[in-house]
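Trainee: Quick one: the structure is below, and I'll ask about it shortly.
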Amino acid sequence: MECFVSSSLFVAITFLTMVEGVLTLFIYTKENSLRKREPSPFVYSLAVSITLLSMFSFAFNVILLSRSCRNDWSIMWCVVLNIILRYLHVVSCFCVTCLALYRYLYLCWPLRCPMLVTQRRCCYVTLACWTLPIALVAVPSAIDGQAPCADMQVTVSFYITYVVLYILGAFTTFVAYLLVALEFRRKHNSASPTADIAKFDFLAKVRTERCALHVFVLYTILSLPHIIMVIMSMIYGVNAKMNRDIPALLQRLHLLLFLPFYAWANPFFRAALTSWAKRTWSRLTCGDEEGDFHIHSNGTKEESAEKAEGLRQESPV
């Protein structure tokens with residue numbers, strides 16, 4: 001019964017995450033203003049990594065339910081569950097780190113950011129996000145003399161490599177948000193209380209401090225338990241009697257919140273998503289023809305000048 005409930009929850013959460021990933025890729029592909037932005041490779045990479053991870057997890061749990069929770073453990077599932085899923089975990093964590101660093105450069109170094117951050121460089125960094133986690137296989141193979149899952153299990157060196165890479169990405173993300181919040185606090189304290197720039201800095205500071213707090217809460221409550229479980233597996237062994245479902249479910253929930261919190265924070269993405277949803281609903285209910293999906297930099301046709309101005313003032317990430 002416990003296996004059926006946990007597997008059903010895995011199926012539901014991973015299915016929703018796949019829908020989010022496909023929807024994110026669809027909106028970014030259709031909308032020119034989003035596709036041409038410098039950090040768009042990070043969002044594409046984040047959506048692809050999370051979608052692939054959810055697909056593998058979804059397939060495993062569907063097969064598990066179809067076999068009445070009888071797990072026929074094989075080397076294929078060892079590779080999928082221990083290597084591929086953790087590899088994609090690290091890739092998604094690195095992509096979120098890149099988005100946080102871009103936010104830091106955009107808000108704290110606005111004059112130098114266009115020179116430092118180009119789409120070509122972002123593509124190179126995205127490639128590094130997919131290349132560096134190969135250390136999950138390379139480091140244990142060099143230390144142990146054999147690849148992980150060669151004997152149907154992974155070694156302590158594999159777990160240590162995974163914990164180090166994941167914590168490094170998560171810690172860098174939080175530090176980037178914290179630096180932005182501290183920078184705006186410094187500017188706000190040094191500016192005149194009646195100045196317009198002080199008012200804008202105050203609003204941006206509050207929003208960024210809230211984002212930093214959200215990042216800390218998400219990683220602490222939803223992601224840290226699965227890291228603790230990995231460390232306990234190193235100490236007590238993988239065969240120890242521990243409930244691994246709850247930390248894994250929390251981690252899947254964290255992934256479910258990745259795209260809405262990081263990729264969908266862009267106001268132009270929200271405008272494009274709303275426009276597409278309204279147009280799709282109109283076609284389904286009224287049979288209207290599909291209109292122009294493109295959203296101009298000053299907002300959609302229905303948006304007022306005040307709302308368009310508000311979109312321009314919001315943070316791009």
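The way I read the labels, and the way they are meant: chains A, B, ... in the order of the structure tokens, residue 1 as the first residue of every chain, and ligand 1 as the first ligand shown, with later ones counted on from there.
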May I have all residues of segment 50-149 of chain A that DSSP, computed from the backbone, assigns to alpha helix (DSSP H), given as a ChimeraX atom specification?

Mentor: /A:50-66,75-78,85-108,113-116,119-131,135-144

Trainee: Show which residues sit within 8 Å of Leu250 of chain A, as a VMD selection string. Count only C-alpha atoms, and ignore same-chain residues fewer than 2 positions away.

Mentor: chain A and resid 222 to 223 225 to 226 246 to 248 252 to 254

Trainee: Could you save the residues just selected, with N, CA, C and O atoms, as a compact mmCIF listing (two decimals), in the first residue's frame?

Mentor:
# COMPACT_ATOMS: atom_id res chain seq x y z
N LEU A 222 12.95 21.62 0.82
CA LEU A 222 12.60 20.65 -0.22
C LEU A 222 13.80 19.87 -0.76
O LEU A 222 13.65 18.71 -1.16
N SER A 223 14.97 20.48 -0.79
CA SER A 223 16.11 19.82 -1.43
C SER A 223 17.12 19.25 -0.44
O SER A 223 17.74 18.22 -0.71
N PRO A 225 16.71 17.60 2.42
CA PRO A 225 16.48 16.24 2.92
C PRO A 225 17.05 15.15 2.02
O PRO A 225 17.54 14.13 2.51
N HIS A 226 17.00 15.35 0.69
CA HIS A 226 17.52 14.28 -0.17
C HIS A 226 19.04 14.24 -0.13
O HIS A 226 19.64 13.18 -0.30
N ILE A 246 10.09 9.94 1.05
CA ILE A 246 9.73 11.31 1.42
C ILE A 246 10.77 12.32 0.94
O ILE A 246 10.41 13.32 0.31
N PRO A 247 12.08 12.11 1.18
CA PRO A 247 13.06 13.07 0.62
C PRO A 247 13.02 13.13 -0.91
O PRO A 247 13.16 14.22 -1.49
N ALA A 248 12.81 11.99 -1.56
CA ALA A 248 12.74 11.99 -3.02
C ALA A 248 11.50 12.74 -3.51
O ALA A 248 11.57 13.48 -4.51
N ARG A 252 11.34 16.07 -5.90
CA ARG A 252 10.52 16.19 -7.12
C ARG A 252 9.63 17.42 -7.03
O ARG A 252 9.39 18.10 -8.03
N LEU A 253 9.13 17.72 -5.83
CA LEU A 253 8.32 18.92 -5.65
C LEU A 253 9.17 20.17 -5.87
O LEU A 253 8.69 21.17 -6.42
N HIS A 254 10.42 20.12 -5.44
CA HIS A 254 11.34 21.22 -5.69
C HIS A 254 11.51 21.45 -7.19
O HIS A 254 11.50 22.59 -7.67

Trainee: Rounded to one decimal in Å, what is the spacing between atom CA of Pro114 of chain A and atom CA of Leu101 of chain A?

Mentor: 13.7 Å

Trainee: Restrict the calculation to only C-alpha atoms, then for each residue of segment 102-203 of chain A with any atom at most 8 Å from an atom of segment 91-97 of chain A give the closest atom pair and their distance in Å to one decimal, rows by chain and rising residue number, as JSON lines.

Mentor:
{"residue": "A:Thr126", "atom": "CA", "partner": "A:Cys95", "partner_atom": "CA", "distance": 7.2}
{"residue": "A:Cys129", "atom": "CA", "partner": "A:Val91", "partner_atom": "CA", "distance": 5.7}
{"residue": "A:Trp130", "atom": "CA", "partner": "A:Val91", "partner_atom": "CA", "distance": 5.8}
{"residue": "A:Pro133", "atom": "CA", "partner": "A:Val91", "partner_atom": "CA", "distance": 6.7}
{"residue": "A:Tyr166", "atom": "CA", "partner": "A:Cys93", "partner_atom": "CA", "distance": 6.7}
{"residue": "A:Gly169", "atom": "CA", "partner": "A:Phe94", "partner_atom": "CA", "distance": 5.4}
{"residue": "A:Ala170", "atom": "CA", "partner": "A:Cys93", "partner_atom": "CA", "distance": 6.6}
{"residue": "A:Thr172", "atom": "CA", "partner": "A:Thr97", "partner_atom": "CA", "distance": 6.4}
{"residue": "A:Thr173", "atom": "CA", "partner": "A:Thr97", "partner_atom": "CA", "distance": 4.7}

Trainee: Could you list, as an mmCIF file with N, CA and C atoms, in the first residue's frame, every residue within 12 Å of Pro148 of chain A, counting only C-alpha atoms and ignoring same-chain residues fewer than 6 positions away?

Mentor:
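After the write, selection-v3.cif holds the following:
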data_model
loop_
_atom_site.group_PDB
_atom_site.id
_atom_site.type_symbol
_atom_site.label_atom_id
_atom_site.label_comp_id
_atom_site.auth_asym_id
_atom_site.auth_seq_id
_atom_site.Cartn_x
_atom_site.Cartn_y
_atom_site.Cartn_z
ATOM 1 N N ILE A 75 20.670 -3.668 -14.215
ATOM 2 C CA ILE A 75 21.736 -2.685 -14.389
ATOM 3 C C ILE A 75 21.224 -1.447 -15.120
ATOM 4 N N MET A 76 20.186 -1.627 -15.968
ATOM 5 C CA MET A 76 19.616 -0.486 -16.664
ATOM 6 C C MET A 76 18.981 0.499 -15.685
ATOM 7 N N CYS A 78 19.627 0.663 -12.520
ATOM 8 C CA CYS A 78 20.697 1.196 -11.678
ATOM 9 C C CYS A 78 21.317 2.430 -12.327
ATOM 10 N N VAL A 79 21.570 2.341 -13.632
ATOM 11 C CA VAL A 79 22.139 3.477 -14.357
ATOM 12 C C VAL A 79 21.158 4.637 -14.395
ATOM 13 N N VAL A 80 19.872 4.346 -14.664
ATOM 14 C CA VAL A 80 18.873 5.408 -14.779
ATOM 15 C C VAL A 80 18.669 6.120 -13.451
ATOM 16 N N LEU A 81 18.424 5.349 -12.388
ATOM 17 C CA LEU A 81 18.059 5.943 -11.109
ATOM 18 C C LEU A 81 19.249 6.537 -10.359
ATOM 19 N N ASN A 82 20.405 5.927 -10.475
ATOM 20 C CA ASN A 82 21.551 6.408 -9.712
ATOM 21 C C ASN A 82 22.432 7.382 -10.476
ATOM 22 N N ILE A 83 22.588 7.186 -11.773
ATOM 23 C CA ILE A 83 23.513 8.024 -12.535
ATOM 24 C C ILE A 83 22.773 9.100 -13.328
ATOM 25 N N ILE A 84 21.843 8.694 -14.195
ATOM 26 C CA ILE A 84 21.198 9.659 -15.082
ATOM 27 C C ILE A 84 20.371 10.675 -14.299
ATOM 28 N N ILE A 134 29.603 15.418 -15.690
ATOM 29 C CA ILE A 134 30.162 14.124 -16.094
ATOM 30 C C ILE A 134 31.146 13.623 -15.042
ATOM 31 N N ALA A 135 31.588 14.550 -14.176
ATOM 32 C CA ALA A 135 32.461 14.151 -13.072
ATOM 33 C C ALA A 135 31.806 13.112 -12.176
ATOM 34 N N LEU A 136 30.463 13.027 -12.201
ATOM 35 C CA LEU A 136 29.776 11.989 -11.426
ATOM 36 C C LEU A 136 30.230 10.589 -11.817
ATOM 37 N N VAL A 137 30.607 10.424 -13.072
ATOM 38 C CA VAL A 137 31.090 9.126 -13.554
ATOM 39 C C VAL A 137 32.615 9.097 -13.591
ATOM 40 N N ALA A 138 33.218 10.223 -14.006
ATOM 41 C CA ALA A 138 34.666 10.247 -14.202
ATOM 42 C C ALA A 138 35.430 10.106 -12.887
ATOM 43 N N VAL A 139 35.015 10.855 -11.857
ATOM 44 C CA VAL A 139 35.750 10.825 -10.582
ATOM 45 C C VAL A 139 35.655 9.454 -9.904
ATOM 46 N N PRO A 140 34.448 8.858 -9.728
ATOM 47 C CA PRO A 140 34.403 7.514 -9.118
ATOM 48 C C PRO A 140 35.135 6.459 -9.946
ATOM 49 N N SER A 141 35.090 6.598 -11.278
ATOM 50 C CA SER A 141 35.798 5.619 -12.122
ATOM 51 C C SER A 141 37.301 5.709 -11.904
ATOM 52 N N ALA A 142 37.816 6.935 -11.750
ATOM 53 C CA ALA A 142 39.255 7.099 -11.517
ATOM 54 C C ALA A 142 39.661 6.620 -10.127
ATOM 55 N N VAL A 154 26.527 1.726 -6.556
ATOM 56 C CA VAL A 154 27.435 2.864 -6.646
ATOM 57 C C VAL A 154 28.225 2.962 -5.350
ATOM 58 N N THR A 155 29.379 3.573 -5.438
ATOM 59 C CA THR A 155 30.304 3.612 -4.306
ATOM 60 C C THR A 155 30.190 4.941 -3.561
ATOM 61 N N VAL A 156 30.925 5.015 -2.456
ATOM 62 C CA VAL A 156 30.925 6.225 -1.642
ATOM 63 C C VAL A 156 31.484 7.411 -2.427
ATOM 64 N N SER A 157 32.474 7.181 -3.262
ATOM 65 C CA SER A 157 33.051 8.277 -4.048
ATOM 66 C C SER A 157 32.026 8.897 -4.986
ATOM 67 N N PHE A 158 31.107 8.095 -5.504
ATOM 68 C CA PHE A 158 30.035 8.628 -6.355
ATOM 69 C C PHE A 158 29.127 9.549 -5.542
ATOM 70 N N TYR A 159 28.723 9.109 -4.353
ATOM 71 C CA TYR A 159 27.859 9.937 -3.508
ATOM 72 C C TYR A 159 28.553 11.230 -3.103
ATOM 73 N N THR A 161 30.904 12.854 -4.703
ATOM 74 C CA THR A 161 30.971 13.737 -5.875
ATOM 75 C C THR A 161 29.636 14.416 -6.122
#

Trainee: Which residues come within 12 Å of Val117 of chain A, counting only C-alpha atoms, excluding same-chain residues fewer than 6 positions away, as a PyMOL selection string?

Mentor: chain A and resi 37-41+98-99+101-106+109-111+123-125

Trainee: Just to be explicit: take each residue in the selection above, keep C-alpha atoms, and write the result as a PDB file, in the first residue's frame.

Mentor:
ATOM      1  CA  ARG A  37      17.345  37.292 -24.765  1.00  0.00           C
ATOM      2  CA  GLU A  38      20.851  36.520 -23.501  1.00  0.00           C
ATOM      3  CA  PRO A  39      19.913  34.075 -20.694  1.00  0.00           C
ATOM      4  CA  SER A  40      17.469  32.101 -22.862  1.00  0.00           C
ATOM      5  CA  PRO A  41      19.979  29.190 -23.215  1.00  0.00           C
ATOM      6  CA  CYS A  98      23.560  30.565 -13.987  1.00  0.00           C
ATOM      7  CA  LEU A  99      20.200  32.359 -13.886  1.00  0.00           C
ATOM      8  CA  LEU A 101      24.423  34.901 -11.508  1.00  0.00           C
ATOM      9  CA  TYR A 102      22.867  36.610 -14.525  1.00  0.00           C
ATOM     10  CA  ARG A 103      20.400  38.361 -12.223  1.00  0.00           C
ATOM     11  CA  TYR A 104      23.301  39.513 -10.076  1.00  0.00           C
ATOM     12  CA  LEU A 105      25.210  40.947 -13.054  1.00  0.00           C
ATOM     13  CA  TYR A 106      22.107  42.552 -14.555  1.00  0.00           C
ATOM     14  CA  TRP A 109      26.539  45.715 -12.828  1.00  0.00           C
ATOM     15  CA  PRO A 110      24.039  47.184 -15.333  1.00  0.00           C
ATOM     16  CA  LEU A 111      26.671  48.977 -17.425  1.00  0.00           C
ATOM     17  CA  CYS A 123      25.681  29.030 -24.799  1.00  0.00           C
ATOM     18  CA  TYR A 124      29.246  28.167 -23.791  1.00  0.00           C
ATOM     19  CA  VAL A 125      28.320  28.311 -20.096  1.00  0.00           C
TER      20      VAL A 125
END
